[in-house]
Amino acid sequence: MTTTAEMLRNVPYVTSREGEEPDPWSRLTVGLGPDLSMGLAYQDETADDRGPRGELWERFRQSLDTFGQPTGRPKWRLVHPVRQRKAMRFLRCQVRACPAKLSSGGYLFLETADEKPREPGQPVRTGQPPVCLEHAHLAVSLCPRLSKGHVAFLARKAPLWGVIGTRYRFGSLGLTPLPAEEQLPMPYGHPQLGWFLASQLVRELTEYDVVSLDDLKPVARR
């Protein structure tokens with residue numbers, strides 16, 4: 001069992017910390033996106049505000065030490081959008097931000113075990129960045145959801161799929177977020193992507209094996 005002291009020494013890179021808060025959404029406006037269509041924009045937008053497909057990303061403060069590493073008391077269960085985006089886009093380990101590519105050439109992704117079996121042959125969409133072999137067991141022990149049951153996917157192909165975040169509408173009251181029950185992950189290429197404020201990057205595992213972390217021998221095959 002992981003102790004509190006061990007957890008504080010091993011806070012995952014993507015975990016949000018105290019003092020890290022989002023910018024107020026009142027700074028959002030309506031403008032032209034990279035594809036010259038109308039949508040969400042920041043009043044003082046920079047290139048860093050846009051993702052790999054031109055999507056607008058939520059601004060979030062970071063609490064970093066002199067070495068550029070996250071510091072402060074962790075907000076367990078909350079993911080920092082900027083660090084999640086970097087880890088997922090560049091396929092870095094979510095625990096230490098080290099390279100996550102395995103010697104076999106694949107990437108290891110962890111997901112919570114579903115109550116109902118997954119459909120065989122179906123792609124798996126995830127907002128969880130990969131883990132390296134060295135930190136895979138640590139990731140399971142640190143995450144309450146994973147420690148209750150997890151599935152490990154050794155992916156050979158995991159292209160970027162879309163984003164998780166908040167969709168906005170523009171009307172007589174200006175910009176307003178849609179109700180939570182109307183929020184869904186947004187795939188790249190969706191016509192409403194320009195009105196979406198992203199907070200997590202999503203990959204789709206299209207070629208993978210389900211493996212055991214203890215020996216990484218496939219226990220189910222796609």
# chains A, B, ... in the order shown; residues from 1 in each chain; ligands from 1
>>> residues_around(residues="Trp25 in chain A", least_positions_apart="4", cutoff="10 Å", atoms="only C-alpha atoms", output="list of chain:residue names")
A:Thr29, A:Tyr42, A:Glu58, A:Arg59, A:Leu175, A:Thr176, A:Pro177, A:Leu197
>>> residues_around(residues="Val82 in chain A", least_positions_apart="4", cutoff="12 Å", atoms="only C-alpha atoms", output="list in words")
Tyr13, Val14, Thr15, Ser16, Glu20, Glu21, Pro22, Asp48, Asp49, Arg50, Gly51, Leu56, Trp57, Glu58, Arg59, Phe60, Arg61, Gln62, Ser63, Pro70, Lys86, Ala87, Met88, Arg89, Ala198, Ser199, Gln200 and Leu201 of chain A
>>> select_by_dssp(residues="range 131-211 of chain A", states="alpha helix (DSSP H)", output="ChimeraX atom specification")
/A:136-142,144-147
>>> select_by_dssp(residues="range 13-90 of chain A", states="strand (DSSP E)", output="list in words")
Thr15, Ser16, Arg17, Leu28, Thr29, Val30, Gly31, Leu32, Met38, Gly39, Leu40, Ala41, Tyr42, Leu56, Trp57, Pro74, Lys75, Trp76, Arg77, Leu78 and Val79 of chain A
>>> atom_distance(atom1="CA of Val79 in chain A", atom2="CA of Phe170 in chain A")
27.7 Å
>>> closest_residue(among="A:Gln84, A:Ser212, A:Gln69, A:Thr112", to="Leu133 in chain A", atoms="only C-alpha atoms")
A:Ser212
>>> residues_around(residues="Trp195 in chain A", least_positions_apart="3", cutoff="10 Å", atoms="only C-alpha atoms", output="list of chain:residue names")
A:Val30, A:Gly33, A:Met38, A:Gly39, A:Leu40, A:Ala41, A:Glu55, A:Leu56, A:Thr166, A:Arg167, A:Tyr168, A:Arg169, A:Phe170, A:Leu175, A:Pro177, A:Pro191, A:Gln192, A:Ala198
>>> closest_residue(among="A:Glu119, A:Glu134, A:Asp114, A:Asp44", to="Cys98 in chain A", atoms="only C-alpha atoms")
A:Glu134
>>> residues_around(residues="Arg73 in chain A", least_positions_apart="4", cutoff="9 Å", atoms="only C-alpha atoms", output="PyMOL selection string")
chain A and resi 8+16-19
>>> write_last_selection(atoms="N, CA, C and O atoms", output="compact mmCIF listing (two decimals), in the first residue's frame")
# COMPACT_ATOMS: atom_id res chain seq x y z
N LEU A 8 3.24 11.90 -1.85
CA LEU A 8 3.69 13.29 -1.99
C LEU A 8 5.05 13.37 -2.67
O LEU A 8 5.37 14.37 -3.32
N SER A 16 -2.57 18.39 -11.15
CA SER A 16 -2.63 19.82 -10.85
C SER A 16 -2.21 20.08 -9.41
O SER A 16 -2.32 19.20 -8.55
N ARG A 17 -1.69 21.28 -9.14
CA ARG A 17 -1.21 21.65 -7.81
C ARG A 17 -1.99 22.86 -7.28
O ARG A 17 -2.62 23.61 -8.05
N GLU A 18 -1.90 23.07 -5.97
CA GLU A 18 -2.53 24.24 -5.37
C GLU A 18 -1.92 25.50 -5.96
O GLU A 18 -0.71 25.58 -6.18
N GLY A 19 -2.76 26.49 -6.21
CA GLY A 19 -2.31 27.73 -6.81
C GLY A 19 -2.39 27.74 -8.32
O GLY A 19 -2.21 28.80 -8.95
>>> closest_residue(among="A:Gly162, A:Gly174, A:Pro24, A:Pro52", to="Tyr188 in chain A", atoms="only C-alpha atoms")
A:Gly162
>>> atom_distance(atom1="CA of Glu45 in chain A", atom2="CA of Lys75 in chain A")
27.8 Å
>>> atom_distance(atom1="CA of Pro185 in chain A", atom2="CA of Phe90 in chain A")
20.3 Å
